[in-house]
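S.K.: This is the structure I have questions about; it appears just below.
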Amino acid sequence: MKYIADTTKFQLTEPTIVTLGKFDGRHRGHQKLLRTMKALKEKTGWSTAIFTFSIAPAAWMKGEPETVITTSMERRRNMEKMDIDYLVEYPFDDQVRHMEPEEFVKDILAGRMKAAAIVVGPDCSFGYKGAGNAELLRKLAGVCGYSLYVIKKEQDEDRHRDISSTYIREELDKGNVAKANELLGEPYAIHGQVVHGNHIGGAVLGFPTANLIPPPIKRLPRYGVYVSRVLVDGRYYGGVTNIGKKPTVEGDNPPGAETFIIGLDRDIYGSTIEVQLLDFIRGEKKFDSLEELKQQISHDKETAVRFFREHPGE
Ligand SMILES: Cc1cc2nc3c(=O)[nH]c(=O)nc-3n(C[C@H](O)[C@H](O)[C@H](O)COP(=O)(O)O)c2cc1C
Ligand SMILES: Nc1ncnc2c1ncn2[C@@H]1O[C@H](COP(=O)(O)OP(=O)(O)OP(=O)(O)O)[C@@H](O)[C@H]1O
């Protein structure tokens, strides 16, 4: 996959099948859209290309954007897994923010992206104030020389609700990772490098933990304890993860993900790991003593062990 980021001065030189959007989480709806693009590629030989925006750190500082299910790095990795040919992460600057929808289609989609086909959901939006839509794409198809495919939205059959990143964020906020995972089509995950904590875990509690401090832009689920699966050096382990600020431990701890990895007995500081959350166990609590916390972690571990026994495929 060719990754084009942090520049407005690029030009694709072969005909492409383009889609556009945020693709936060790359959920089942996004996957349907990407599969449609790949089927079209089989027929036409054109390359597949995604147009998206960088998640602007400056805007984040102003408190503007929402936190995201997948960081820019995680989104890139997801698109690589789907075998997409081009991922364009366009800077979200004032110029593009104020671009009229028609100009956006002509200059960027038909121009720089060289769209021979555009594939979108019925509610796609783009351009100044999000005023551009599928109808405008249809109107400009002839003059710009692309064909347009508008796909039907993938639904959550249980609740008759369209799958969207917003829906998944709502479920994460409730701690309902099992539902979020069903909508994502794969487990919600946190990637990162294992950092040092307070060294209470192993020495005092008897439960050493691999600590991740995700960037502030990362959407974390409801603070609490989850059954997890952890990828370390190409191997999966079962685990139990606390998401939160560990209120039992003094100080203003940054929101983190702390995992006791079952069956791992070595130092992994500095390693990059992936923690996938599989099921909610309980909310995070402030305990009166570390002894009480220790007992509770022991119960949590048993709950996780039971989960894996009852779900042997996980
Ligand atoms: C399964 C599990 C459950 C946890 N639950 C809580 C909790 O409810 N409240 C809390 O304050 N900390 C909780 N923690 C976080 C511990 O306080 C933390 O792992 C411990 O203090 C070690 O931190 P350290 O790695 O910085 O030494 C939990 C940790 C694990 C692994
Ligand atoms: N459930 C779905 N089925 C098919 N296509 C979808 C679905 N959800 C979004 N899309 C399409 O994927 C593209 C990218 O969507 P985008 O990620 O911007 O929106 P979203 O998933 O609805 O997220 P949000 O809730 O943040 O608006 C758009 O063309 C959109 O219409």
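By order in the structure tokens, chains are A, B, ...; within a chain, residues start at 1; ligands start at 1, following the order shown.
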For the strand (DSSP E) assignment from backbone DSSP, which residues of segment 62-137 of chain A qualify? Please present them as a PyMOL selection string.

M.R.: chain A and resi 86-90+115-120

S.K.: Report as CSV: every residue of chain A with an atom at most 8 Å from ligand 1, its closest pair of atoms, and their distance in Å to one decimal, counting only C-alpha atoms and all ligand atoms, with rows sorted by chain and ascending residue number.

M.R.:
residue,atom,partner,partner_atom_place_in_ligand_line,distance
A:His196,CA,ligand 1,25 (O),6.9
A:Gly197,CA,ligand 1,26 (O),3.4
A:Asn198,CA,ligand 1,26 (O),3.6
A:His199,CA,ligand 1,27 (O),3.5
A:Ile200,CA,ligand 1,27 (O),3.4
A:Gly201,CA,ligand 1,22 (C),3.5
A:Gly202,CA,ligand 1,27 (O),6.7
A:Ala203,CA,ligand 1,27 (O),7.9
A:Leu205,CA,ligand 1,20 (C),7.1
A:Phe207,CA,ligand 1,31 (C),6.7
A:Pro208,CA,ligand 1,25 (O),6.5
A:Thr209,CA,ligand 1,25 (O),5.1
A:Ala210,CA,ligand 1,25 (O),6.9
A:Asn211,CA,ligand 1,25 (O),6.1
A:Gly224,CA,ligand 1,8 (O),6.7
A:Val225,CA,ligand 1,3 (C),5.5
A:Tyr226,CA,ligand 1,1 (C),7.5
A:Val240,CA,ligand 1,1 (C),4.9
A:Thr241,CA,ligand 1,1 (C),5.2
A:Asn242,CA,ligand 1,2 (C),4.7
A:Ile243,CA,ligand 1,28 (C),7.9
A:Gly244,CA,ligand 1,12 (N),7.7
A:Lys245,CA,ligand 1,11 (O),6.8
A:Lys246,CA,ligand 1,11 (O),3.2
A:Pro247,CA,ligand 1,11 (O),4.0
A:Thr248,CA,ligand 1,11 (O),3.6
A:Val249,CA,ligand 1,11 (O),5.7
A:Glu258,CA,ligand 1,31 (C),5.5
A:Thr259,CA,ligand 1,31 (C),4.9
A:Phe260,CA,ligand 1,31 (C),4.8
A:Gly283,CA,ligand 1,8 (O),6.8
A:Glu284,CA,ligand 1,8 (O),3.9
A:Lys285,CA,ligand 1,8 (O),3.9
A:Lys286,CA,ligand 1,11 (O),5.0
A:Phe287,CA,ligand 1,9 (N),6.4
A:Leu290,CA,ligand 1,17 (O),7.8
A:Leu293,CA,ligand 1,7 (C),6.5
A:Gln296,CA,ligand 1,3 (C),7.1
A:Ile297,CA,ligand 1,1 (C),4.6
A:Ser298,CA,ligand 1,1 (C),7.5
A:Asp300,CA,ligand 1,1 (C),5.5
A:Lys301,CA,ligand 1,1 (C),6.3

S.K.: Grab me every residue within 6 Å of ligand 2, counting only C-alpha atoms and all ligand atoms, and send it over as a PDB file with N, CA and C atoms, in the first residue's frame.

M.R.:
ATOM      1  N   LEU A  20     -14.093   7.872   0.148  1.00  0.00           N
ATOM      2  CA  LEU A  20     -13.641   8.929   1.056  1.00  0.00           C
ATOM      3  C   LEU A  20     -14.418   8.876   2.362  1.00  0.00           C
ATOM      4  N   GLY A  21     -13.770   9.299   3.422  1.00  0.00           N
ATOM      5  CA  GLY A  21     -14.439   9.312   4.727  1.00  0.00           C
ATOM      6  C   GLY A  21     -13.422   9.209   5.837  1.00  0.00           C
ATOM      7  N   LYS A  22     -13.931   9.014   7.053  1.00  0.00           N
ATOM      8  CA  LYS A  22     -13.030   8.976   8.215  1.00  0.00           C
ATOM      9  C   LYS A  22     -12.526   7.548   8.485  1.00  0.00           C
ATOM     10  N   PHE A  23     -13.359   6.589   8.234  1.00  0.00           N
ATOM     11  CA  PHE A  23     -13.010   5.173   8.409  1.00  0.00           C
ATOM     12  C   PHE A  23     -12.481   4.864   9.805  1.00  0.00           C
ATOM     13  N   ASP A  24     -13.046   5.515  10.799  1.00  0.00           N
ATOM     14  CA  ASP A  24     -12.606   5.275  12.172  1.00  0.00           C
ATOM     15  C   ASP A  24     -13.080   3.892  12.620  1.00  0.00           C
ATOM     16  N   GLY A  29     -19.389  -1.952   8.136  1.00  0.00           N
ATOM     17  CA  GLY A  29     -19.916  -1.138   7.026  1.00  0.00           C
ATOM     18  C   GLY A  29     -18.785  -0.706   6.105  1.00  0.00           C
ATOM     19  N   HIS A  30     -17.692  -0.230   6.702  1.00  0.00           N
ATOM     20  CA  HIS A  30     -16.515   0.162   5.907  1.00  0.00           C
ATOM     21  C   HIS A  30     -15.978  -1.041   5.129  1.00  0.00           C
ATOM     22  N   LEU A  33     -17.891  -1.706   2.050  1.00  0.00           N
ATOM     23  CA  LEU A  33     -17.529  -0.732   1.025  1.00  0.00           C
ATOM     24  C   LEU A  33     -16.172  -1.076   0.382  1.00  0.00           C
ATOM     25  N   VAL A 120     -19.281   4.991  -2.458  1.00  0.00           N
ATOM     26  CA  VAL A 120     -19.616   5.618  -1.164  1.00  0.00           C
ATOM     27  C   VAL A 120     -20.887   5.003  -0.580  1.00  0.00           C
ATOM     28  N   GLY A 121     -21.122   5.300   0.690  1.00  0.00           N
ATOM     29  CA  GLY A 121     -22.410   4.992   1.291  1.00  0.00           C
ATOM     30  C   GLY A 121     -23.367   6.134   0.959  1.00  0.00           C
ATOM     31  N   PRO A 122     -24.684   5.918   1.168  1.00  0.00           N
ATOM     32  CA  PRO A 122     -25.665   6.933   0.769  1.00  0.00           C
ATOM     33  C   PRO A 122     -25.542   8.238   1.565  1.00  0.00           C
ATOM     34  N   ASP A 123     -24.910   8.204   2.740  1.00  0.00           N
ATOM     35  CA  ASP A 123     -24.872   9.408   3.585  1.00  0.00           C
ATOM     36  C   ASP A 123     -23.482  10.053   3.613  1.00  0.00           C
ATOM     37  N   CYS A 124     -22.682   9.798   2.584  1.00  0.00           N
ATOM     38  CA  CYS A 124     -21.329  10.372   2.612  1.00  0.00           C
ATOM     39  C   CYS A 124     -21.433  11.896   2.563  1.00  0.00           C
ATOM     40  N   LYS A 152     -25.586   0.097  -0.262  1.00  0.00           N
ATOM     41  CA  LYS A 152     -26.561   0.101   0.830  1.00  0.00           C
ATOM     42  C   LYS A 152     -25.808  -0.037   2.152  1.00  0.00           C
ATOM     43  N   LYS A 153     -26.312   0.602   3.195  1.00  0.00           N
ATOM     44  CA  LYS A 153     -25.575   0.566   4.465  1.00  0.00           C
ATOM     45  C   LYS A 153     -25.702  -0.783   5.170  1.00  0.00           C
ATOM     46  N   GLU A 154     -24.607  -1.219   5.752  1.00  0.00           N
ATOM     47  CA  GLU A 154     -24.600  -2.460   6.527  1.00  0.00           C
ATOM     48  C   GLU A 154     -25.284  -2.171   7.864  1.00  0.00           C
ATOM     49  N   GLN A 155     -26.199  -3.066   8.245  1.00  0.00           N
ATOM     50  CA  GLN A 155     -26.969  -2.823   9.478  1.00  0.00           C
ATOM     51  C   GLN A 155     -26.606  -3.798  10.583  1.00  0.00           C
ATOM     52  N   ASP A 162     -28.111   1.289  11.534  1.00  0.00           N
ATOM     53  CA  ASP A 162     -26.938   1.296  10.649  1.00  0.00           C
ATOM     54  C   ASP A 162     -25.671   1.248  11.492  1.00  0.00           C
ATOM     55  N   ILE A 163     -24.704   0.485  11.025  1.00  0.00           N
ATOM     56  CA  ILE A 163     -23.411   0.443  11.716  1.00  0.00           C
ATOM     57  C   ILE A 163     -22.671   1.741  11.392  1.00  0.00           C
ATOM     58  N   SER A 164     -22.132   2.379  12.413  1.00  0.00           N
ATOM     59  CA  SER A 164     -21.338   3.599  12.204  1.00  0.00           C
ATOM     60  C   SER A 164     -20.303   3.696  13.314  1.00  0.00           C
ATOM     61  N   SER A 165     -19.311   4.526  13.107  1.00  0.00           N
ATOM     62  CA  SER A 165     -18.289   4.727  14.144  1.00  0.00           C
ATOM     63  C   SER A 165     -18.936   5.338  15.389  1.00  0.00           C
ATOM     64  N   THR A 166     -19.916   6.198  15.187  1.00  0.00           N
ATOM     65  CA  THR A 166     -20.613   6.837  16.316  1.00  0.00           C
ATOM     66  C   THR A 166     -21.276   5.779  17.198  1.00  0.00           C
TER      67      THR A 166
END

S.K.: If we count only C-alpha atoms, what is near Glu135 of chain A at a cut-off of 12 Å, once residues fewer than 3 positions away on the same chain are taken out, given as a PyMOL selection string?

M.R.: chain A and resi 101-102+120-126+131-132+138-141+148-150

S.K.: With N, CA and C atoms retained, write the just-selected residues as a CSV table (one decimal), in the first residue's frame.

M.R.:
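Result file part_16.csv:
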chain,number,residue,atom,x,y,z
A,101,PRO,N,-17.9,22.0,-2.1
A,101,PRO,CA,-18.0,20.6,-2.5
A,101,PRO,C,-17.6,20.3,-3.9
A,102,GLU,N,-18.1,21.2,-4.8
A,102,GLU,CA,-17.9,20.9,-6.3
A,102,GLU,C,-16.4,21.0,-6.6
A,120,VAL,N,-19.3,5.0,-2.5
A,120,VAL,CA,-19.6,5.6,-1.2
A,120,VAL,C,-20.9,5.0,-0.6
A,121,GLY,N,-21.1,5.3,0.7
A,121,GLY,CA,-22.4,5.0,1.3
A,121,GLY,C,-23.4,6.1,1.0
A,122,PRO,N,-24.7,5.9,1.2
A,122,PRO,CA,-25.7,6.9,0.8
A,122,PRO,C,-25.5,8.2,1.6
A,123,ASP,N,-24.9,8.2,2.7
A,123,ASP,CA,-24.9,9.4,3.6
A,123,ASP,C,-23.5,10.1,3.6
A,124,CYS,N,-22.7,9.8,2.6
A,124,CYS,CA,-21.3,10.4,2.6
A,124,CYS,C,-21.4,11.9,2.6
A,125,SER,N,-20.5,12.6,3.2
A,125,SER,CA,-20.5,14.0,3.1
A,125,SER,C,-19.1,14.6,3.0
A,126,PHE,N,-18.9,15.7,2.4
A,126,PHE,CA,-17.6,16.3,2.2
A,126,PHE,C,-17.7,17.8,1.8
A,131,ALA,N,-21.3,19.9,3.1
A,131,ALA,CA,-22.5,20.1,2.2
A,131,ALA,C,-22.5,19.2,1.0
A,132,GLY,N,-21.3,18.6,0.6
A,132,GLY,CA,-21.3,17.7,-0.5
A,132,GLY,C,-21.9,16.4,-0.2
A,138,ARG,N,-23.2,12.2,-8.0
A,138,ARG,CA,-23.9,11.7,-9.2
A,138,ARG,C,-24.0,12.8,-10.3
A,139,LYS,N,-24.3,14.0,-9.8
A,139,LYS,CA,-24.4,15.1,-10.8
A,139,LYS,C,-23.2,15.3,-11.6
A,140,LEU,N,-22.0,15.2,-10.9
A,140,LEU,CA,-20.7,15.6,-11.5
A,140,LEU,C,-20.0,14.4,-12.2
A,141,ALA,N,-20.7,13.2,-12.1
A,141,ALA,CA,-20.0,12.0,-12.6
A,141,ALA,C,-19.7,12.1,-14.1
A,148,LEU,N,-20.2,6.2,-10.6
A,148,LEU,CA,-20.5,6.3,-9.1
A,148,LEU,C,-21.2,5.0,-8.7
A,149,TYR,N,-20.8,4.5,-7.6
A,149,TYR,CA,-21.5,3.4,-6.9
A,149,TYR,C,-21.9,3.7,-5.5
A,150,VAL,N,-23.2,3.7,-5.2
A,150,VAL,CA,-23.6,4.0,-3.9
A,150,VAL,C,-24.1,2.7,-3.3

S.K.: Residues within 9 Å of segment 229-231 of chain A, please, as a list in words. Count only C-alpha atoms; anything in the same chain fewer than 2 positions from it doesn't count.

M.R.: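 Contacts, with the query itself left out: Val227, Asp233, Gly234, Arg235, Tyr236, Tyr237, Gly238, Gly239, Val240, Thr259, Ile261, Thr272, Ile273, Glu274, Val275, Gln276, Leu277, Leu278 and Glu314 of chain A.
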
S.K.: Nearest to Met113 of chain A among A:Thr8, A:Asn253, A:Thr13, A:Ser271, with distances taken over only C-alpha atoms: which residue is it?

M.R.: A:Thr13

S.K.: Got a sec: who's within 9 Å of segment 40-56 of chain A, counting only C-alpha atoms, leaving out chain neighbours fewer than 5 positions off, as a PyMOL selection string?

M.R.: chain A and resi 5-6+14-23+34-35+61+65+68+71-72+79+83-93+109+113+115-117+217
